[in-house]
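**Student:** Below: one structure in structure tokens.
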Amino acid sequence: MKQHYDLIIVGGGMVGASLACALAPAAQALGLDIAIVEPVPLRADDLSYQPSYDARATALAYGSRSAYERMGIWQTLAQHIAPINEIHVSDRGHFGASRLDAAQQRVPALGYVIENHWLGQVLLHRLQQPECGRIDYLCPAEVAQIVPGDGQMSVTVSRNGVASSISCELVVMADGGRSELRERLGIGYRYSAYEQHALIANVSPNRPHRGIAYERFTDQGPMALLPLQEQAGQHRCGLVWTLSDDDAQALMAADDTGFLEQLQQRFGYRAGRFVAVGERHAYPLQLVLAEEQVRTGLVVLGNAAHALHPIAGQGYNLALRGLVSLADHLIAAKQQGRSLGDLAVLQAYHEQMRRDQQRTIGFSDGTMKLFTSTSSLLTLGRNLGLQALDACPLGKTLFARSAMGLDMPAPALFSGEGQG
Ligand SMILES: Cc1cc2nc3c(=O)[nH]c(=O)nc-3n(C[C@H](O)[C@H](O)[C@H](O)COP(=O)(O)OP(=O)(O)OC[C@H]3O[C@@H](n4cnc5c(N)ncnc54)[C@H](O)[C@@H]3O)c2cc1C
């Protein structure tokens with residue numbers, strides 16, 4: 001551990017580790033010293049210990065692929081990834097339905113489903129390679145305090161019960177939606193609890209999923225069924241089921257047979273008969289939006305800045321676009337000889353992301369409210385909307401481009417070649 005870094009990233013979860021990977025070539029070429037601090041080791045034998053890389057699977061928008069291609073890890077990620085060839089959207093017990101198809105949209109896939117623990121392993125493996133030699137991965141270690149100073153930040157890192165103070169130009173807080181540091185720094189945030197839980201589990205249907213992702217709206221809450229890579233010859237799908245707090249508790253307590261019966265009854269037989277379910281986990285759902293995301297020497301990133309309802313699978317994709325944009329701004333600042341903590345640099349980054357954040361948060365929150373409403377007028381409206389979408393190729397293309405993260409400019413990450 002050095003006494004001074006250019007950048008300290010608090011949290012080695014999906015967002016913090018991806019930011020470090022995005023900066024790795026520039027760190028090498030431009031001489032940037034980076035530390036990433038994470039309290040929870042990623043263990044190969046029991047991945048459930050790591051809160052960011054737990055049993056969940058994440059739907060990556062097609063547009064997010066280019067971010068990982070530019071980081072040089074897409075080929076490795078792709079070894080255990082399931083492409084989404086079709087998306088079926090339907091409303092249980094009503095007439096509305098819509099289908100989106102990769103071939104019609106002229107893309108190789110509408111998106112990709114990756115299991116979080118695989119993403120974590122690939123990111124951390126990358127950070128341990130010699131070309132990431134300027135990045136110190138401090139783990140297990142925790143950031144206990146951040147104090148803004150004169151021209152630099154002072155960060156207290158606690159490691160094996162020993163606290164040390166290190167300095168840096170910029171701190172990026174990627175410490176998740178329940179960030180305690182955000183509160184300690186007096187950063188206000190908007191919080192609204194949805195009074196819902198997302199119940200997640202891997203389930204096995206009795207037939208292949210053929211790359212179809214389902215978004216099914218039921219009177220008990222929306223359900224997403226995502227295609228996963230087969231394992232030991234077993235077909236697998238990732239279930240994300242949004243439920244009221246009480247219903248989630250009851251389904252968590254049900255035995256496997258009871259759970260599968262209820263799942264089948266709610267979901268129907270579109271994906272076949274469900275024959276097995278893995279471990280179940282429930283996540284309380286809330287909308288969290290930090291009121292300040294940048295200060296001199298400080299950026300709040302990922303879930304610490306904005307935690308969304310998972311209904312539209314947008315939270316991580318938004319965070320990924322944000323971290324790529326931040327990396328671009330930091331690299332440009334370094335090339336111009338400016339401090340990474342320069343407020344004007346950080347404000348320019350935030351300004352670039354503001355519209356994307358507002359739009360994505362509005363889309364996720366609006367979709368959740370529209371599809372969890374039991375009002376008969378709204379039910380009719382959304383069914384007519386789904387039918388109209390299904391019948392209108394232009395509408396479908398626009399919707400698909402938005403859901404695939406393709407209507408945002410592709411991230412342009414520093415490659416390290418011919419620069420520096
Ligand atoms: C059920 C569910 C399904 C989802 N599905 C999708 C999807 O399909 N597509 C999508 O785009 N998004 C999805 N999301 C959203 C996605 O999971 C989040 O956007 C993502 O986890 C955010 O990552 P993060 O690194 O910001 O935060 P976290 O994953 O919370 O990681 C924070 C990290 O910071 C560390 N940390 C905390 N405090 C400290 C400290 N003091 N010092 C150092 N380190 C610290 C923690 O140990 C942790 O590793 C889903 C969310 C849920 C709940």
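Identifiers for the structure tokens are assigned positionally: chains receive A, B, ... in sequence, residues are indexed from 1 per chain, and ligands are indexed from 1 in the order shown.
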Collect all residues with atoms no farther than 6 Å from ligand 1, counting only C-alpha atoms and all ligand atoms, and output them as a VMD selection string.
**Tutor:** chain A and resid 10 to 16 37 to 40 51 to 52 58 to 60 142 to 144 174 to 177 198 283 302 to 304 310 313 to 317
**Student:** Would you mind listing what lies within 9 Å of stretch 336-352 of chain A as a list in words, with only C-alpha atoms counted and same-chain residues fewer than 4 positions away left out?
**Tutor:** Asp6, Leu7, Gly151, Gln152, Met153, Cys168, Glu169, Leu170, Val171, Gln293, Val294, Arg295, Thr296, Gly297, Leu298, Val299, Gly322, Ser325, Leu326, Asp328, His329, Leu330, Ile331, Ala332 and Asp356 of chain A
**Student:** Save the residues we just selected, N, CA and C atoms, as a compact mmCIF listing (two decimals), in the first residue's frame?
**Tutor:**
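Generated file (again-v6.txt):
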```txt
# COMPACT_ATOMS: atom_id res chain seq x y z
N ASP A 6 -3.27 8.49 -7.01
CA ASP A 6 -4.03 9.46 -7.79
C ASP A 6 -5.52 9.28 -7.51
N LEU A 7 -5.91 8.00 -7.42
CA LEU A 7 -7.33 7.69 -7.26
C LEU A 7 -7.52 6.55 -6.28
N GLY A 151 -6.42 20.59 -1.44
CA GLY A 151 -5.92 20.08 -2.72
C GLY A 151 -5.86 18.57 -2.81
N GLN A 152 -6.09 17.88 -1.71
CA GLN A 152 -6.17 16.41 -1.80
C GLN A 152 -7.08 15.84 -0.72
N MET A 153 -7.40 14.57 -0.88
CA MET A 153 -8.32 13.92 0.04
C MET A 153 -7.53 13.02 0.98
N CYS A 168 -5.00 11.11 -1.64
CA CYS A 168 -5.23 10.93 -3.08
C CYS A 168 -5.82 12.22 -3.65
N GLU A 169 -5.82 12.28 -4.99
CA GLU A 169 -6.45 13.45 -5.64
C GLU A 169 -7.95 13.28 -5.70
N LEU A 170 -8.37 12.02 -5.89
CA LEU A 170 -9.81 11.77 -6.09
C LEU A 170 -10.23 10.49 -5.38
N VAL A 171 -11.41 10.56 -4.72
CA VAL A 171 -12.03 9.36 -4.15
C VAL A 171 -13.29 9.07 -4.96
N GLN A 293 -23.59 14.21 -6.62
CA GLN A 293 -22.78 13.08 -7.09
C GLN A 293 -21.32 13.46 -7.27
N VAL A 294 -21.05 14.76 -7.31
CA VAL A 294 -19.65 15.19 -7.42
C VAL A 294 -19.38 16.36 -6.46
N ARG A 295 -18.20 16.34 -5.88
CA ARG A 295 -17.64 17.46 -5.13
C ARG A 295 -16.18 17.52 -5.51
N THR A 296 -15.49 18.57 -5.15
CA THR A 296 -14.04 18.59 -5.42
C THR A 296 -13.41 17.35 -4.78
N GLY A 297 -12.72 16.55 -5.57
CA GLY A 297 -12.03 15.37 -5.04
C GLY A 297 -12.92 14.19 -4.73
N LEU A 298 -14.20 14.25 -5.13
CA LEU A 298 -15.11 13.15 -4.75
C LEU A 298 -16.17 12.88 -5.83
N VAL A 299 -16.37 11.59 -6.12
CA VAL A 299 -17.47 11.19 -7.02
C VAL A 299 -18.24 10.07 -6.33
N GLY A 322 -22.01 5.16 -16.88
CA GLY A 322 -21.47 6.24 -16.04
C GLY A 322 -19.99 6.05 -15.77
N SER A 325 -17.91 6.84 -18.82
CA SER A 325 -17.83 8.29 -19.04
C SER A 325 -16.86 8.92 -18.04
N LEU A 326 -16.93 8.48 -16.78
CA LEU A 326 -16.02 9.02 -15.76
C LEU A 326 -14.57 8.70 -16.13
N ASP A 328 -13.30 8.22 -19.06
CA ASP A 328 -12.90 9.10 -20.17
C ASP A 328 -12.51 10.49 -19.68
N HIS A 329 -13.34 11.04 -18.78
CA HIS A 329 -13.05 12.39 -18.28
C HIS A 329 -11.76 12.42 -17.46
N LEU A 330 -11.52 11.38 -16.67
CA LEU A 330 -10.31 11.35 -15.84
C LEU A 330 -9.06 11.22 -16.71
N ILE A 331 -9.16 10.39 -17.74
CA ILE A 331 -8.01 10.21 -18.64
C ILE A 331 -7.68 11.53 -19.35
N ALA A 332 -8.74 12.20 -19.83
CA ALA A 332 -8.52 13.49 -20.51
C ALA A 332 -7.89 14.49 -19.55
N ASP A 356 -29.09 10.91 -19.13
CA ASP A 356 -29.19 9.44 -19.16
C ASP A 356 -29.78 8.94 -17.84
```
**Student:** Could you pull out the helix (DSSP H, G or I) residues of stretch 43-288 of chain A, going by DSSP on the backbone, and write them as an NGL selection string?
**Tutor:** :A and (47-49 or 62-71 or 74-80 or 116-127 or 130-132 or 180-184 or 245-253 or 256-267)
**Student:** Determine the nearest neighbour of A:Val277 from the options A:Gln265, A:Ser204, A:Ala254, A:Ala319, counting only C-alpha atoms.
**Tutor:**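 Smallest distance to A:Val277 is found for A:Ser204.
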**Student:** With the cut-off set at 9 Å and counting only C-alpha atoms, tabulate each residue of stretch 167-261 of chain A with an atom at most that distance from an atom of stretch 114-118 of chain A, showing the nearest atom pair and its distance in Å to one decimal, ordered by chain and increasing number, as a Markdown table.
**Tutor:**
```
| residue | atom | partner | partner_atom | distance |
| --- | --- | --- | --- | --- |
| A:Leu228 | CA | A:Ile114 | CA | 7.6 |
| A:Gln229 | CA | A:Ile114 | CA | 8.7 |
| A:Gly238 | CA | A:Glu115 | CA | 8.9 |
```
**Student:** As a ChimeraX atom specification, please: the residues near stretch 84-89 of chain A (cut-off 10 Å, only C-alpha atoms, same-chain neighbours under 3 positions excluded).
**Tutor:** /A:59-62,81,92,96-104,107-113,209-217,224-228,270,386,390,400
**Student:** Using only C-alpha atoms, please write the residues we just selected to a file, as a PDB file, in the first residue's frame.
**Tutor:**
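Final output, saved to again.pdb:
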```pdb
ATOM      1  CA  ALA A  59     -29.057  -8.723 -17.964  1.00  0.00           C
ATOM      2  CA  LEU A  60     -26.443  -6.720 -19.836  1.00  0.00           C
ATOM      3  CA  ALA A  61     -27.792  -4.481 -22.554  1.00  0.00           C
ATOM      4  CA  TYR A  62     -26.272  -5.107 -25.978  1.00  0.00           C
ATOM      5  CA  ILE A  81     -22.807 -15.905 -20.943  1.00  0.00           C
ATOM      6  CA  ARG A  92     -51.013 -12.567 -17.151  1.00  0.00           C
ATOM      7  CA  GLY A  96     -51.612  -7.839 -24.429  1.00  0.00           C
ATOM      8  CA  ALA A  97     -48.291  -9.345 -25.506  1.00  0.00           C
ATOM      9  CA  SER A  98     -45.244  -8.260 -27.459  1.00  0.00           C
ATOM     10  CA  ARG A  99     -42.171  -9.995 -28.856  1.00  0.00           C
ATOM     11  CA  LEU A 100     -38.803  -8.517 -29.721  1.00  0.00           C
ATOM     12  CA  ASP A 101     -36.446 -10.468 -31.908  1.00  0.00           C
ATOM     13  CA  ALA A 102     -32.660 -10.021 -32.369  1.00  0.00           C
ATOM     14  CA  ALA A 103     -32.793 -11.016 -36.044  1.00  0.00           C
ATOM     15  CA  GLN A 104     -35.496  -8.412 -36.776  1.00  0.00           C
ATOM     16  CA  VAL A 107     -28.184  -7.387 -33.919  1.00  0.00           C
ATOM     17  CA  PRO A 108     -26.432 -10.636 -32.849  1.00  0.00           C
ATOM     18  CA  ALA A 109     -28.352 -10.552 -29.538  1.00  0.00           C
ATOM     19  CA  LEU A 110     -30.780  -8.231 -27.762  1.00  0.00           C
ATOM     20  CA  GLY A 111     -28.588  -8.504 -24.675  1.00  0.00           C
ATOM     21  CA  TYR A 112     -26.650 -11.007 -22.599  1.00  0.00           C
ATOM     22  CA  VAL A 113     -27.221 -12.620 -19.228  1.00  0.00           C
ATOM     23  CA  HIS A 209     -34.940 -21.772 -23.129  1.00  0.00           C
ATOM     24  CA  ARG A 210     -33.722 -21.043 -26.701  1.00  0.00           C
ATOM     25  CA  GLY A 211     -32.369 -17.687 -25.596  1.00  0.00           C
ATOM     26  CA  ILE A 212     -35.815 -16.287 -24.775  1.00  0.00           C
ATOM     27  CA  ALA A 213     -36.159 -13.792 -21.920  1.00  0.00           C
ATOM     28  CA  TYR A 214     -39.647 -13.321 -20.494  1.00  0.00           C
ATOM     29  CA  GLU A 215     -41.053 -10.286 -18.758  1.00  0.00           C
ATOM     30  CA  ARG A 216     -44.428 -11.326 -17.386  1.00  0.00           C
ATOM     31  CA  PHE A 217     -46.724  -9.020 -15.465  1.00  0.00           C
ATOM     32  CA  ALA A 224     -38.547 -11.771 -15.316  1.00  0.00           C
ATOM     33  CA  LEU A 225     -37.156 -15.094 -16.498  1.00  0.00           C
ATOM     34  CA  LEU A 226     -33.704 -14.798 -18.018  1.00  0.00           C
ATOM     35  CA  PRO A 227     -31.882 -17.467 -20.044  1.00  0.00           C
ATOM     36  CA  LEU A 228     -28.753 -18.874 -18.345  1.00  0.00           C
ATOM     37  CA  ARG A 270     -44.611 -20.598 -21.883  1.00  0.00           C
ATOM     38  CA  LEU A 386     -48.323  -4.010 -25.760  1.00  0.00           C
ATOM     39  CA  ASP A 390     -46.258  -5.761 -31.271  1.00  0.00           C
ATOM     40  CA  ALA A 400     -35.582  -2.357 -28.433  1.00  0.00           C
TER      41      ALA A 400
END
```
**Student:** Name all residues at most 9 Å from A:Lys2 (count only C-alpha atoms; drop same-chain ones fewer than 6 positions away) and give them as a list in words.
**Tutor:**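 In the requested form, the answer reads Asp33, Ala35, Asp136 and Ile166 of chain A.
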**Student:** Please write the residues from the selection above to a file, keeping C-alpha atoms, as a PDB file, in the first residue's frame.
**Tutor:**
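Output file result.pdb is given in full below:
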```
ATOM      1  CA  ASP A  33      -1.615   5.029  -9.254  1.00  0.00           C
ATOM      2  CA  ALA A  35      -6.090   1.732  -5.081  1.00  0.00           C
ATOM      3  CA  ASP A 136      -3.423  -2.013  -5.785  1.00  0.00           C
ATOM      4  CA  ILE A 166      -3.544   7.656   2.805  1.00  0.00           C
TER       5      ILE A 166
END
```
**Student:** Mind checking DSSP for stretch 61-118 of chain A and telling me the strand (DSSP E or B) residues as JSON, numbers by chain?
**Tutor:** {"A": [61, 81, 82, 83, 84, 86, 87, 88, 89, 90, 91, 97, 98, 99, 100, 101, 111, 112, 113, 114, 115]}
**Student:** Between atom CA of A:Pro83 and atom CA of A:Glu230, what is the distance, to one decimal in Å?
**Tutor:**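 It comes out at 12.2 Å.
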**Student:** Here is a test: counting only C-alpha atoms, which residue of A:Ala248, A:Ala312, A:Val300, A:Ala276 is nearest to A:Glu183?
**Tutor:** A:Val300
**Student:** Within 8 Å of A:Ala27, counting only C-alpha atoms, which residues qualify if same-chain residues fewer than 5 places away don't, as a list in words?
**Tutor:**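 My reading of the contact set: Leu32, Asp33, Ile34, Cys132, Arg134 and Ile135 of chain A.
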**Student:** Which value, in Å to one decimal, gives the distance between atom CA of A:Ala271 and atom CA of A:Pro205?
**Tutor:**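 Value for the atom CA of A:Ala271-atom CA of A:Pro205 distance: 6.7 Å.
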**Student:** Between A:Gln357, A:Gln196, A:Leu124, A:Ser154, single out the one closest to A:Leu320, counting only C-alpha atoms.
**Tutor:**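 Between A:Gln357, A:Gln196, A:Leu124, A:Ser154, the residue approaching A:Leu320 most closely is A:Gln357.
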